[in-house]
>>> print(open('upload.pdb').read())   # PDB, C-alpha atoms, pLDDT in the B column
ATOM      1  CA  MET A  28      79.796  77.514  91.581  1.00 39.00           C
ATOM      2  CA  ILE A  29      83.103  79.334  91.169  1.00 53.00           C
ATOM      3  CA  THR A  30      83.985  81.694  93.994  1.00 59.00           C
ATOM      4  CA  MET A  31      86.245  84.660  93.462  1.00 77.00           C
ATOM      5  CA  ASP A  32      88.579  86.334  95.884  1.00 92.00           C
ATOM      6  CA  LEU A  33      88.251  89.959  94.812  1.00 96.00           C
ATOM      7  CA  ILE A  34      90.776  92.723  95.354  1.00 97.00           C
ATOM      8  CA  ASN A  35      89.372  96.278  95.464  1.00 97.00           C
ATOM      9  CA  VAL A  36      91.525  99.364  94.996  1.00 98.00           C
ATOM     10  CA  SER A  37      90.597 102.961  94.342  1.00 98.00           C
ATOM     11  CA  GLY A  38      92.120 106.380  94.071  1.00 98.00           C
ATOM     12  CA  THR A  39      91.209 109.999  93.514  1.00 98.00           C
ATOM     13  CA  ILE A  40      93.231 112.850  92.035  1.00 98.00           C
ATOM     14  CA  LEU A  41      92.594 116.477  91.084  1.00 98.00           C
ATOM     15  CA  ILE A  42      93.576 117.356  87.523  1.00 98.00           C
ATOM     16  CA  ASN A  43      93.920 120.948  86.363  1.00 98.00           C
ATOM     17  CA  ASN A  44      91.942 120.619  83.158  1.00 97.00           C
ATOM     18  CA  ASP A  45      88.273 120.835  82.195  1.00 97.00           C
ATOM     19  CA  VAL A  46      85.924 117.912  82.797  1.00 97.00           C
ATOM     20  CA  THR A  47      85.263 117.213  79.093  1.00 97.00           C
ATOM     21  CA  THR A  48      88.952 116.969  78.173  1.00 97.00           C
ATOM     22  CA  VAL A  49      89.692 114.807  81.211  1.00 98.00           C
ATOM     23  CA  PHE A  50      86.717 112.503  80.662  1.00 98.00           C
ATOM     24  CA  ASP A  51      87.346 112.061  76.931  1.00 98.00           C
ATOM     25  CA  PHE A  52      90.919 110.943  77.637  1.00 98.00           C
ATOM     26  CA  PHE A  53      90.431 109.005  80.895  1.00 98.00           C
ATOM     27  CA  ALA A  54      87.276 107.136  79.888  1.00 98.00           C
ATOM     28  CA  ASN A  55      88.804 105.839  76.665  1.00 98.00           C
ATOM     29  CA  PRO A  56      90.774 102.597  77.174  1.00 98.00           C
ATOM     30  CA  ALA A  57      92.608 103.284  73.887  1.00 98.00           C
ATOM     31  CA  ASN A  58      94.577 105.913  75.869  1.00 98.00           C
ATOM     32  CA  ASP A  59      95.496 103.591  78.755  1.00 98.00           C
ATOM     33  CA  ALA A  60      98.969 102.767  77.414  1.00 98.00           C
ATOM     34  CA  LEU A  61      99.823 106.463  77.889  1.00 98.00           C
ATOM     35  CA  TRP A  62      99.238 106.394  81.654  1.00 98.00           C
ATOM     36  CA  ARG A  63      99.199 102.741  82.781  1.00 97.00           C
ATOM     37  CA  LYS A  64     102.664 101.221  82.400  1.00 95.00           C
ATOM     38  CA  GLU A  65     101.575  97.577  82.070  1.00 95.00           C
ATOM     39  CA  ILE A  66      99.301  98.218  79.083  1.00 97.00           C
ATOM     40  CA  ASN A  67     100.855  97.316  75.734  1.00 98.00           C
ATOM     41  CA  LYS A  68      97.781  98.500  73.840  1.00 97.00           C
ATOM     42  CA  SER A  69      94.004  98.611  74.070  1.00 97.00           C
ATOM     43  CA  GLU A  70      91.718  98.368  71.073  1.00 98.00           C
ATOM     44  CA  VAL A  71      88.195  99.730  71.347  1.00 98.00           C
ATOM     45  CA  ALA A  72      85.789  98.172  68.823  1.00 98.00           C
ATOM     46  CA  GLY A  73      83.730 101.261  68.017  1.00 97.00           C
ATOM     47  CA  PRO A  74      82.606 104.490  69.639  1.00 97.00           C
ATOM     48  CA  LEU A  75      82.604 104.643  73.422  1.00 97.00           C
ATOM     49  CA  GLN A  76      79.147 103.645  74.571  1.00 98.00           C
ATOM     50  CA  GLU A  77      77.464 100.863  76.495  1.00 98.00           C
ATOM     51  CA  GLY A  78      78.109  97.518  74.826  1.00 98.00           C
ATOM     52  CA  VAL A  79      81.363  98.424  73.062  1.00 98.00           C
ATOM     53  CA  THR A  80      84.092  95.830  73.554  1.00 98.00           C
ATOM     54  CA  VAL A  81      87.735  96.414  74.416  1.00 98.00           C
ATOM     55  CA  ALA A  82      90.735  94.160  73.813  1.00 98.00           C
ATOM     56  CA  GLU A  83      93.368  95.057  76.404  1.00 97.00           C
ATOM     57  CA  TYR A  84      96.865  93.642  75.943  1.00 97.00           C
ATOM     58  CA  ALA A  85      98.929  93.915  79.129  1.00 96.00           C
ATOM     59  CA  TYR A  86     102.355  92.999  80.384  1.00 96.00           C
ATOM     60  CA  LEU A  87     101.559  91.161  83.612  1.00 93.00           C
ATOM     61  CA  SER A  88     104.942  89.459  84.055  1.00 94.00           C
ATOM     62  CA  LYS A  89     107.743  87.827  82.063  1.00 94.00           C
ATOM     63  CA  ARG A  90     105.548  84.743  82.127  1.00 94.00           C
ATOM     64  CA  THR A  91     102.595  86.654  80.620  1.00 94.00           C
ATOM     65  CA  PRO A  92     104.064  89.537  78.590  1.00 96.00           C
ATOM     66  CA  ASN A  93     101.029  90.238  76.401  1.00 96.00           C
ATOM     67  CA  ASN A  94      97.960  88.958  78.236  1.00 94.00           C
ATOM     68  CA  LEU A  95      94.667  89.625  76.462  1.00 95.00           C
ATOM     69  CA  LEU A  96      91.767  90.723  78.633  1.00 96.00           C
ATOM     70  CA  GLU A  97      88.430  91.322  76.950  1.00 97.00           C
ATOM     71  CA  LEU A  98      86.167  93.951  78.488  1.00 98.00           C
ATOM     72  CA  THR A  99      82.707  95.303  77.760  1.00 98.00           C
ATOM     73  CA  CYS A 100      81.505  98.804  78.547  1.00 98.00           C
ATOM     74  CA  VAL A 101      78.572  98.221  80.912  1.00 98.00           C
ATOM     75  CA  GLN A 102      77.908 101.892  81.723  1.00 98.00           C
ATOM     76  CA  PHE A 103      78.732 105.066  79.848  1.00 98.00           C
ATOM     77  CA  ILE A 104      77.553 108.521  80.889  1.00 98.00           C
ATOM     78  CA  PRO A 105      79.381 111.309  78.984  1.00 98.00           C
ATOM     79  CA  ASN A 106      81.413 113.644  81.206  1.00 98.00           C
ATOM     80  CA  ASP A 107      80.538 111.501  84.222  1.00 98.00           C
ATOM     81  CA  SER A 108      81.469 107.811  84.197  1.00 98.00           C
ATOM     82  CA  ALA A 109      82.515 104.766  82.218  1.00 98.00           C
ATOM     83  CA  VAL A 110      82.499 101.235  83.605  1.00 98.00           C
ATOM     84  CA  PHE A 111      84.218  98.294  81.925  1.00 98.00           C
ATOM     85  CA  GLU A 112      83.832  94.673  82.995  1.00 98.00           C
ATOM     86  CA  THR A 113      84.944  91.271  81.784  1.00 97.00           C
ATOM     87  CA  PRO A 114      82.126  89.228  80.232  1.00 96.00           C
ATOM     88  CA  GLY A 115      80.867  86.082  81.996  1.00 90.00           C
ATOM     89  CA  HIS A 116      82.945  83.658  79.906  1.00 89.00           C
ATOM     90  CA  SER A 117      86.249  85.305  80.906  1.00 92.00           C
ATOM     91  CA  MET A 118      88.942  83.354  82.694  1.00 92.00           C
ATOM     92  CA  PHE A 119      89.405  86.204  85.216  1.00 93.00           C
ATOM     93  CA  TYR A 120      87.053  88.874  86.521  1.00 96.00           C
ATOM     94  CA  LEU A 121      87.941  92.563  86.343  1.00 97.00           C
ATOM     95  CA  LYS A 122      85.844  95.699  86.688  1.00 98.00           C
ATOM     96  CA  SER A 123      87.169  99.203  86.023  1.00 98.00           C
ATOM     97  CA  GLN A 124      85.112 102.227  87.088  1.00 98.00           C
ATOM     98  CA  ARG A 125      86.239 105.621  85.840  1.00 98.00           C
ATOM     99  CA  SER A 126      84.388 108.739  86.948  1.00 98.00           C
ATOM    100  CA  VAL A 127      84.948 112.472  86.853  1.00 98.00           C
ATOM    101  CA  ARG A 128      83.327 115.555  88.336  1.00 98.00           C
ATOM    102  CA  SER A 129      83.936 119.256  87.976  1.00 97.00           C
ATOM    103  CA  ALA A 130      85.921 120.960  90.705  1.00 96.00           C
ATOM    104  CA  ALA A 131      86.733 124.606  91.406  1.00 91.00           C
ATOM    105  CA  ASP A 132      88.859 126.700  89.023  1.00 91.00           C
ATOM    106  CA  HIS A 133      88.190 124.570  85.905  1.00 92.00           C
ATOM    107  CA  ALA A 134      89.761 121.508  87.518  1.00 97.00           C
ATOM    108  CA  THR A 135      88.391 117.969  87.511  1.00 98.00           C
ATOM    109  CA  THR A 136      88.296 115.328  90.213  1.00 98.00           C
ATOM    110  CA  VAL A 137      89.028 111.842  88.886  1.00 98.00           C
ATOM    111  CA  ASP A 138      87.966 108.661  90.680  1.00 98.00           C
ATOM    112  CA  TYR A 139      89.370 105.328  89.526  1.00 98.00           C
ATOM    113  CA  GLN A 140      88.204 102.042  91.031  1.00 98.00           C
ATOM    114  CA  LEU A 141      89.415  98.566  90.164  1.00 97.00           C
ATOM    115  CA  GLU A 142      88.033  95.251  91.284  1.00 97.00           C
ATOM    116  CA  PHE A 143      89.722  92.059  90.150  1.00 97.00           C
ATOM    117  CA  ASP A 144      89.991  88.386  90.964  1.00 96.00           C
ATOM    118  CA  LYS A 145      93.283  87.781  92.771  1.00 95.00           C
ATOM    119  CA  SER A 146      93.748  84.527  90.830  1.00 94.00           C
ATOM    120  CA  ILE A 147      94.930  86.603  87.859  1.00 94.00           C
ATOM    121  CA  VAL A 148      98.069  87.363  89.890  1.00 94.00           C
ATOM    122  CA  ALA A 149      98.749  83.652  90.467  1.00 93.00           C
ATOM    123  CA  PHE A 150      98.252  83.092  86.736  1.00 94.00           C
ATOM    124  CA  ALA A 151     100.699  85.898  85.899  1.00 94.00           C
ATOM    125  CA  VAL A 152     103.486  85.058  88.359  1.00 93.00           C
ATOM    126  CA  GLY A 153     102.997  81.306  88.732  1.00 93.00           C
ATOM    127  CA  VAL A 154     102.335  81.299  92.494  1.00 94.00           C
ATOM    128  CA  SER A 155      99.525  82.431  94.739  1.00 93.00           C
ATOM    129  CA  LEU A 156     100.408  85.561  96.713  1.00 95.00           C
ATOM    130  CA  PRO A 157      98.771  86.773  99.930  1.00 96.00           C
ATOM    131  CA  ARG A 158      95.868  89.180  99.544  1.00 95.00           C
ATOM    132  CA  LEU A 159      97.701  91.818 101.616  1.00 96.00           C
ATOM    133  CA  ILE A 160     100.661  91.902  99.222  1.00 96.00           C
ATOM    134  CA  ILE A 161      98.444  92.029  96.131  1.00 97.00           C
ATOM    135  CA  SER A 162      96.339  94.854  97.598  1.00 97.00           C
ATOM    136  CA  TRP A 163      99.420  96.821  98.666  1.00 97.00           C
ATOM    137  CA  LYS A 164     101.025  96.518  95.206  1.00 96.00           C
ATOM    138  CA  ALA A 165      97.775  97.292  93.367  1.00 97.00           C
ATOM    139  CA  ASN A 166      97.163 100.399  95.508  1.00 97.00           C
ATOM    140  CA  ARG A 167     100.734 101.593  94.963  1.00 97.00           C
ATOM    141  CA  ASP A 168     100.454 101.066  91.207  1.00 97.00           C
ATOM    142  CA  LEU A 169      97.080 102.823  91.046  1.00 97.00           C
ATOM    143  CA  LYS A 170      98.541 105.910  92.745  1.00 98.00           C
ATOM    144  CA  LYS A 171     101.373 105.953  90.188  1.00 98.00           C
ATOM    145  CA  TYR A 172      98.866 105.593  87.336  1.00 97.00           C
ATOM    146  CA  LEU A 173      96.846 108.543  88.579  1.00 98.00           C
ATOM    147  CA  GLN A 174      99.993 110.675  88.837  1.00 98.00           C
ATOM    148  CA  GLN A 175     100.880 109.753  85.244  1.00 98.00           C
ATOM    149  CA  LEU A 176      97.307 110.510  84.131  1.00 98.00           C
ATOM    150  CA  LYS A 177      97.619 113.942  85.759  1.00 98.00           C
ATOM    151  CA  LYS A 178     100.912 114.597  83.910  1.00 98.00           C
ATOM    152  CA  CYS A 179      99.360 113.568  80.583  1.00 97.00           C
ATOM    153  CA  LEU A 180      96.296 115.764  81.021  1.00 98.00           C
ATOM    154  CA  GLU A 181      97.986 118.819  82.465  1.00 97.00           C
ATOM    155  CA  SER A 182     100.484 118.957  79.609  1.00 88.00           C
ATOM    156  CA  VAL A 183      97.700 119.143  76.979  1.00 66.00           C
TER     157      VAL A 183
END
>>> encode(input="upload.pdb", output="structure tokens")
Amino acid sequence: MITMDLINVSGTILINNDVTTVFDFFANPANDALWRKEINKSEVAGPLQEGVTVAEYAYLSKRTPNNLLELTCVQFIPNDSAVFETPGHSMFYLKSQRSVRSAADHATTVDYQLEFDKSIVAFAVGVSLPRLIISWKANRDLKKYLQQLKKCLESV
């Protein structure tokens, strides 16, 4: 049995835009390159719904400048949540949970949760790093991503 050492990070941000606009943009991995700096591109193989697959190409490091991660949408509730997860045959585990809810004054609260196997970091950089460092960096990056998401959606 393979055991995983999972890193969990999450963040929340208030975006001044309606829930439908925010969800349609945020839930769609095809838009990730616009607000997540490491994403080269993401290709969604059909309409967003449970079962659709995603090919995510990411710059993880100079050693892995265009890493392909395959994901499957395992939950999709319009204007509420979308969950993407690597299939069982994947080399590394990752789960992305994206949810939204209406807030006061036509604003939307966005919750973004990531869970990933820390071994992907060792694969990307060539050495195993302590869990504390990986968590710190992942949390810092997630906060930056949410700020960029806010900029994208409030300029629409």
>>> closest_residue(input="upload.pdb", among="A:Thr91, A:Ser126, A:Asn58, A:Ser69", to="Leu176 in chain A", atoms="only C-alpha atoms")
A:Asn58
>>> resolve_selection(input="upload.pdb", expression="the PyMOL selection byres ((chain A and resi 94) around 6)", output="PDB file with C-alpha atoms, keeping the file's coordinate frame")
ATOM      1  CA  TYR A  84      96.865  93.642  75.943  1.00 97.00           C
ATOM      2  CA  ALA A  85      98.929  93.915  79.129  1.00 96.00           C
ATOM      3  CA  THR A  91     102.595  86.654  80.620  1.00 94.00           C
ATOM      4  CA  ASN A  93     101.029  90.238  76.401  1.00 96.00           C
ATOM      5  CA  LEU A  95      94.667  89.625  76.462  1.00 95.00           C
TER       6      LEU A  95
END
>>> resolve_selection(input="upload.pdb", expression="the PyMOL selection byres ((chain A and resi 98) around 9)", output="list in words")
Val79, Thr80, Val81, Ala82, Glu83, Leu96, Glu97, Thr99, Cys100, Phe111, Glu112, Thr113, Pro114, Ser117, Leu121 and Lys122 of chain A
>>> residues_near_point(input="upload.pdb", point="(88.4, 102.8, 83.5)", cutoff="9 Å", atoms="only C-alpha atoms", output="PyMOL selection string")
chain A and resi 53-56+59+108-111+122-126+139-141
>>> closest_atom_pairs(input="upload.pdb", of="range 60-110 of chain A", to="range 28-51 of chain A", cutoff="8 Å", atoms="all atoms listed in the file", output="JSON lines")
{"residue": "A:Pro105", "atom": "CA", "partner": "A:Phe50", "partner_atom": "CA", "distance": 7.6}
{"residue": "A:Asn106", "atom": "CA", "partner": "A:Phe50", "partner_atom": "CA", "distance": 5.5}
{"residue": "A:Asp107", "atom": "CA", "partner": "A:Phe50", "partner_atom": "CA", "distance": 7.2}
{"residue": "A:Ser108", "atom": "CA", "partner": "A:Phe50", "partner_atom": "CA", "distance": 7.9}
>>> atom_distance(input="upload.pdb", atom1="CA of Gly78 in chain A", atom2="CA of Leu180 in chain A")
26.5 Å
>>> resolve_selection(input="upload.pdb", expression="the PyMOL selection byres ((chain A and resi 162) around 12)", output="number ranges by chain")
A: 32-37, 141-145, 148, 156-161, 163-169
>>> residues_around(input="upload.pdb", residues="Phe150 in chain A", least_positions_apart="6", cutoff="10 Å", atoms="all atoms listed in the file", output="MDAnalysis selection string")
chainID A and resid 87:88 90:91 119
>>> atom_distance(input="upload.pdb", atom1="CA of Leu61 in chain A", atom2="CA of Cys179 in chain A")
7.6 Å
>>> atom_distance(input="upload.pdb", atom1="CA of Tyr86 in chain A", atom2="CA of Val137 in chain A")
24.6 Å
>>> closest_residue(input="upload.pdb", among="A:Leu173, A:Lys178, A:Pro92, A:Ala134", to="Glu65 in chain A", atoms="all atoms listed in the file")
A:Pro92
>>> closest_residue(input="upload.pdb", among="A:Val152, A:Gln175, A:Thr135, A:Gly73", to="Ala60 in chain A", atoms="only C-alpha atoms")
A:Gln175
>>> closest_residue(input="upload.pdb", among="A:Ile147, A:Gly115, A:Ile104, A:Lys64", to="Arg128 in chain A", atoms="all atoms listed in the file")
A:Ile104
>>> decode(input="upload.pdb", residues="range 41-67 of chain A", atoms="N, CA and C atoms", output="short mmCIF file (atom, residue, chain, number, x, y, z; two decimals), in the first residue's frame")
data_model
loop_
_atom_site.label_atom_id
_atom_site.label_comp_id
_atom_site.auth_asym_id
_atom_site.auth_seq_id
_atom_site.Cartn_x
_atom_site.Cartn_y
_atom_site.Cartn_z
N LEU A 41 -13.30 37.71 -0.49
CA LEU A 41 -14.56 38.33 -0.91
C LEU A 41 -14.31 39.05 -2.23
N ILE A 42 -15.14 38.75 -3.21
CA ILE A 42 -15.01 39.34 -4.54
C ILE A 42 -16.27 40.15 -4.83
N ASN A 43 -16.08 41.38 -5.25
CA ASN A 43 -17.19 42.27 -5.55
C ASN A 43 -17.71 42.01 -6.97
N ASN A 44 -18.44 40.92 -7.08
CA ASN A 44 -19.08 40.53 -8.33
C ASN A 44 -20.14 39.49 -7.98
N ASP A 45 -21.10 39.28 -8.86
CA ASP A 45 -22.19 38.36 -8.56
C ASP A 45 -21.72 36.90 -8.58
N VAL A 46 -22.44 36.05 -7.87
CA VAL A 46 -22.05 34.67 -7.67
C VAL A 46 -21.96 33.89 -8.98
N THR A 47 -22.83 34.15 -9.93
CA THR A 47 -22.80 33.42 -11.21
C THR A 47 -21.54 33.75 -12.00
N THR A 48 -21.21 35.02 -12.10
CA THR A 48 -20.00 35.43 -12.83
C THR A 48 -18.76 34.85 -12.17
N VAL A 49 -18.70 34.95 -10.84
CA VAL A 49 -17.54 34.44 -10.11
C VAL A 49 -17.43 32.93 -10.28
N PHE A 50 -18.53 32.22 -10.08
CA PHE A 50 -18.47 30.76 -10.20
C PHE A 50 -18.08 30.33 -11.60
N ASP A 51 -18.70 30.91 -12.62
CA ASP A 51 -18.40 30.50 -14.00
C ASP A 51 -16.92 30.66 -14.33
N PHE A 52 -16.28 31.68 -13.80
CA PHE A 52 -14.86 31.90 -14.05
C PHE A 52 -13.99 31.01 -13.16
N PHE A 53 -14.24 31.04 -11.86
CA PHE A 53 -13.43 30.34 -10.87
C PHE A 53 -13.51 28.82 -10.99
N ALA A 54 -14.67 28.30 -11.28
CA ALA A 54 -14.85 26.85 -11.34
C ALA A 54 -14.24 26.23 -12.59
N ASN A 55 -13.96 27.04 -13.59
CA ASN A 55 -13.47 26.52 -14.86
C ASN A 55 -11.94 26.51 -14.91
N PRO A 56 -11.32 25.33 -14.87
CA PRO A 56 -9.87 25.25 -14.91
C PRO A 56 -9.25 25.87 -16.18
N ALA A 57 -10.02 26.02 -17.23
CA ALA A 57 -9.50 26.66 -18.45
C ALA A 57 -9.09 28.11 -18.18
N ASN A 58 -9.61 28.71 -17.12
CA ASN A 58 -9.27 30.09 -16.75
C ASN A 58 -8.10 30.18 -15.78
N ASP A 59 -7.61 29.06 -15.28
CA ASP A 59 -6.60 29.07 -14.22
C ASP A 59 -5.33 29.82 -14.59
N ALA A 60 -4.92 29.77 -15.84
CA ALA A 60 -3.68 30.47 -16.25
C ALA A 60 -3.81 31.98 -16.05
N LEU A 61 -5.03 32.50 -15.95
CA LEU A 61 -5.25 33.92 -15.75
C LEU A 61 -5.05 34.38 -14.30
N TRP A 62 -5.08 33.42 -13.36
CA TRP A 62 -4.96 33.81 -11.96
C TRP A 62 -4.01 32.94 -11.14
N ARG A 63 -3.50 31.87 -11.71
CA ARG A 63 -2.51 31.02 -11.04
C ARG A 63 -1.23 31.04 -11.87
N LYS A 64 -0.19 31.66 -11.36
CA LYS A 64 1.00 31.95 -12.16
C LYS A 64 1.72 30.71 -12.67
N GLU A 65 1.63 29.57 -12.01
CA GLU A 65 2.38 28.40 -12.46
C GLU A 65 1.68 27.65 -13.59
N ILE A 66 0.44 27.97 -13.89
CA ILE A 66 -0.30 27.25 -14.92
C ILE A 66 0.06 27.78 -16.31
N ASN A 67 0.56 26.89 -17.14
CA ASN A 67 0.83 27.24 -18.54
C ASN A 67 -0.47 27.25 -19.33
#
